[in-house]
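Since the structure comes first, as structure tokens, the remarks are kept for the end.
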Amino acid sequence: MTAPVFIQQGHAVSALGMDAEHMRRHLFAEHDPDTLRATDAYSPGRVLALGCLPQDAALPSIDFAPAWQRSRNNAMAWAALWPLRAHVQAAVERFGPQRVALIVGTSTAGLDEGEAAARQLRASGSFPLGFDYGVQELGDVAAFASAALGIRGPAHTISTACSSGAKALASAARLLRSGMVDAVVAGGVDALSRFTVAGFSALEAVSAERCNPLSEHRKGINLGEGAAFFLLGREAGPVRLAGWGETQDAHHMSAPDPTGRGARIAMQQALDRAGMRADQVDYVNLHGTATAHNDAMECLAVHALLGGQTPVSSTKPLTGHTLAAAGALEAAVAWHVLQDNPEGRLPAHWWDGVMDPALAAVHPVAPGQALGRPVRTVLSNSFAFGGSNCTLLLESAA
């Protein structure tokens with residue numbers, strides 16, 4: 001099948017807020033919304049800027065699930081899925097539960113619960129009563145979400161680090177085009193944990209201050225948490241997943257290919273699949289982690305393909321790097337940019353404004369910048385450890 005793939009519904013939770021109103025307010029703010037939180041909750045004795053859920057956020061109860069599925073990661077997934085449940089149920093009733101699929105990107109699963117259990121084991125010599133290692137299984141999120149939504153079609157997890165959420169949407173599009181299913185719930189979720197923060201700190205990749213993508217003074221990433229899910233189908237919706245591209249560099253376990261070749265090819269694949277030219281891209285949501293290597297590689301790739309005039313920004317200074325959820329969360333950013341936005345407002349690139357002269361020239365979005373017309377196309381990049389690259393091209397269907 002070559003039928004177009006539409007994103008019919010979507011919802012996200014992150015440091016930007018727990019609903020669309022707060023997310024849009026922060027994304028399009030003309031003054032720095034300062035959404036990260038300084039805390040040592042996940043790094044005792046070391047205060048870090050993290051993209052935590054808002055302090056007043058209440059996650060929904062998932063007591064209906066088996067005890068071994070009651071992780072914070074699953075609760076975050078359910079917070080993003082809850083507003084979609086009526087639309088998913090309508091798809092299940094229309095097509096049948098076997099014709100609806102679910103694909104989720106994650107890398108943490110129930111890691112926080114596993115850490116707590118390990119701490120108790122060290123302190124007392126035994127695991128907490130009822131602790132089940134299954135809470136840490138990466139497939140647990142897909143099993144939980146499909147059961148909670150009444151989905152009986154294909155359900156699986158993608159775990160390719162920071163490209164997982166974007167690849168979940170690309171995989172959903174392939175399933176729809178194959179004719180195997182008629183609707184897909186797809187997205188990503190990752191919760192913060194001490195293990196994740198310690199791991200990235202060991203790589204000397206974490207900045208204690210808010211991240212500063214593209215700056216000469218950038219010092220690394222801020223970690224974050226979040227969830228974003230979408231209902232995709234072949235029937236018309238407000239946004240079309242027009243194209244996607246996936247490449248694999250296999251250059252290094254953690255560092256990207258400095259030439260940016262794989263990233264550029266992924267973007268070109270997305271354009272080719274959509275039948276679009278580079279000059280038709282209105283805005284690029286950068287992977288933009290604020291590490292020395294990622295920013296250099298990505299700027300090189302973006303400039304080589306799009307030149308230096310296309311507006312670009314990284315939204316990670318607002319959300320932190322939500323790892324496996326990042327590609328899905330940034331697809332939600334594109335979702336909002338493409339809808340109910342007649343002036344074509346763009347998410348600002350929040351940084352110190354001191355461009356690293358060693359980077360290929362790109363055009364960061366200034367606070368309050370707008371196209372003066374509705375945004376038609378958004379390119380969203382997600383690049384992961386091991387050189388796993390994924391680019392999504394989303395288009396307004398209005």
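So you can find residues: chains in the structure tokens are A, B, ... in the order shown, residues in each start at 1, and ligands are numbered from 1 in order.
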Got a sec to tell me which of stretch 115-230 of chain A DSSP assigns to helix (DSSP H, G or I), as a ChimeraX atom specification?
-> /A:115-124,133-136,140-149,161-178,194-202
Please provide as a PyMOL selection string all residues within 10 Å of A:Val189, with the sequence filter that same-chain residues fewer than 2 positions apart are discarded (counting only C-alpha atoms).
-> chain A and resi 12-14+73-78+80+104-109+141+164-165+187+191+225-229+322-329
Show which residues sit within 7 Å of A:Gly153, as a PyMOL selection string. Count only C-alpha atoms, and ignore same-chain residues fewer than 2 positions away.
-> chain A and resi 97-101+151+155
Best match for closeness to A:Asp257 among A:Gln280, A:Asn381, A:Thr2, A:Asn294, counting only C-alpha atoms | A:Asn294
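For A:Val302, the residues within 9 Å (counting only C-alpha atoms, excluding itself and residues fewer than 6 positions away along the chain) are A:Gly260, A:Ala263, A:Arg264, A:Met267, A:Val284, A:Leu286, A:Gly308, A:Ala360, A:Val362.
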For A:Asp32, list every protein, DNA or RNA residue within 9 Å, evaluated using only C-alpha atoms, and leave out those in the same chain fewer than 5 positions away; present the list as an NGL selection string.
-> :A and (26 or 348 or 350 or 367)
Show me, as JSON lines, the residues of stretch 236-286 of chain A having an atom within 10 Å of stretch 344-347 of chain A, each with the closest atom pair and its distance in Å, using only C-alpha atoms.
{"residue": "A:Asp282", "atom": "CA", "partner": "A:Gly344", "partner_atom": "CA", "distance": 9.4}
{"residue": "A:Tyr283", "atom": "CA", "partner": "A:Leu346", "partner_atom": "CA", "distance": 7.8}
{"residue": "A:Val284", "atom": "CA", "partner": "A:Leu346", "partner_atom": "CA", "distance": 9.8}
{"residue": "A:Asn285", "atom": "CA", "partner": "A:Pro347", "partner_atom": "CA", "distance": 8.7}
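The list of residues with at least one atom within 9 Å of stretch 170-175 of chain A, based on only C-alpha atoms and without residues fewer than 4 positions apart in the same chain, reads A:Pro4, A:Val5, A:Phe6, A:Ala101, A:Leu102, A:Ile103, A:Ala166, A:Gly179, A:Met180, A:Val181, A:Asp182, A:Ala183, A:Val184, A:Val185, A:Ala186, A:Leu232, A:Gly233, A:Leu241, A:Gly243, A:Trp244, A:Gly245, A:Glu246, A:Cys390, A:Thr391, A:Leu392.
Close contacts of A:Phe195, defined as residues with an atom at most 12 Å away when counting only C-alpha atoms, with chain neighbours fewer than 6 positions off set aside, comprise Ala41, Tyr42, Ser43, Pro44, Ser107, Thr108, Gly110, Leu111, Asp112, Glu113, Gly114, Glu115, Ala116, Ala118, Ser201, Ala202 and Leu223 of chain A.
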Point-to-point distance from atom CA of A:Ala142 to atom CA of A:Gly188, Å rounded to tenths | 10.1 Å
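The residues of stretch 4-114 of chain A that DSSP assigns to strand (DSSP E) on this backbone come out as Phe6, Ile7, Gln8, Gln9, Gly10, His11, Ala12, Val13, Arg37, Ala38, Thr39, Leu48, Ala49, Leu50, Val100, Ala101, Leu102, Ile103, Val104 and Gly105 of chain A.
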Please write the residues from the selection above to a file, keeping N, CA and C atoms, as a compact mmCIF listing (two decimals), in the first residue's frame.
# COMPACT_ATOMS: atom_id res chain seq x y z
N PHE A 6 -1.75 9.26 8.38
CA PHE A 6 -2.14 10.46 9.12
C PHE A 6 -2.01 10.25 10.62
N ILE A 7 -1.59 11.31 11.30
CA ILE A 7 -1.63 11.33 12.76
C ILE A 7 -2.96 11.97 13.13
N GLN A 8 -3.84 11.16 13.71
CA GLN A 8 -5.21 11.61 13.93
C GLN A 8 -5.43 12.24 15.31
N GLN A 9 -4.68 11.77 16.30
CA GLN A 9 -4.78 12.30 17.65
C GLN A 9 -3.40 12.21 18.29
N GLY A 10 -3.15 13.05 19.29
CA GLY A 10 -1.87 12.98 20.00
C GLY A 10 -1.95 13.66 21.35
N HIS A 11 -1.10 13.21 22.26
CA HIS A 11 -1.02 13.83 23.58
C HIS A 11 0.36 13.57 24.16
N ALA A 12 0.86 14.53 24.94
CA ALA A 12 2.20 14.41 25.52
C ALA A 12 2.20 14.97 26.93
N VAL A 13 3.09 14.41 27.76
CA VAL A 13 3.37 14.96 29.10
C VAL A 13 4.88 15.07 29.24
N ARG A 37 14.14 21.91 36.15
CA ARG A 37 14.19 22.01 37.60
C ARG A 37 15.59 21.67 38.10
N ALA A 38 16.11 22.50 38.99
CA ALA A 38 17.40 22.23 39.64
C ALA A 38 17.15 21.32 40.83
N THR A 39 17.70 20.12 40.82
CA THR A 39 17.43 19.14 41.87
C THR A 39 18.55 18.12 41.97
N LEU A 48 21.49 19.12 39.61
CA LEU A 48 21.50 19.14 38.16
C LEU A 48 20.21 19.78 37.65
N ALA A 49 20.27 20.35 36.47
CA ALA A 49 19.07 20.82 35.78
C ALA A 49 18.46 19.64 35.05
N LEU A 50 17.21 19.30 35.40
CA LEU A 50 16.55 18.14 34.82
C LEU A 50 15.17 18.51 34.28
N VAL A 100 -5.78 -3.35 15.34
CA VAL A 100 -5.16 -2.16 15.93
C VAL A 100 -3.86 -2.59 16.60
N ALA A 101 -2.78 -1.89 16.31
CA ALA A 101 -1.45 -2.24 16.83
C ALA A 101 -0.98 -1.19 17.83
N LEU A 102 0.07 -1.55 18.55
CA LEU A 102 0.69 -0.61 19.49
C LEU A 102 2.20 -0.76 19.44
N ILE A 103 2.90 0.37 19.29
CA ILE A 103 4.37 0.36 19.24
C ILE A 103 4.87 1.47 20.15
N VAL A 104 5.79 1.14 21.04
CA VAL A 104 6.28 2.12 22.00
C VAL A 104 7.80 2.06 22.08
N GLY A 105 8.41 3.23 22.13
CA GLY A 105 9.85 3.33 22.35
C GLY A 105 10.12 3.59 23.82
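For the set A:Thr319, A:Thr259, A:Gln55, A:Thr289, the residue with the smallest atom-to-atom gap to A:Ala304 is A:Thr259, counting only C-alpha atoms.
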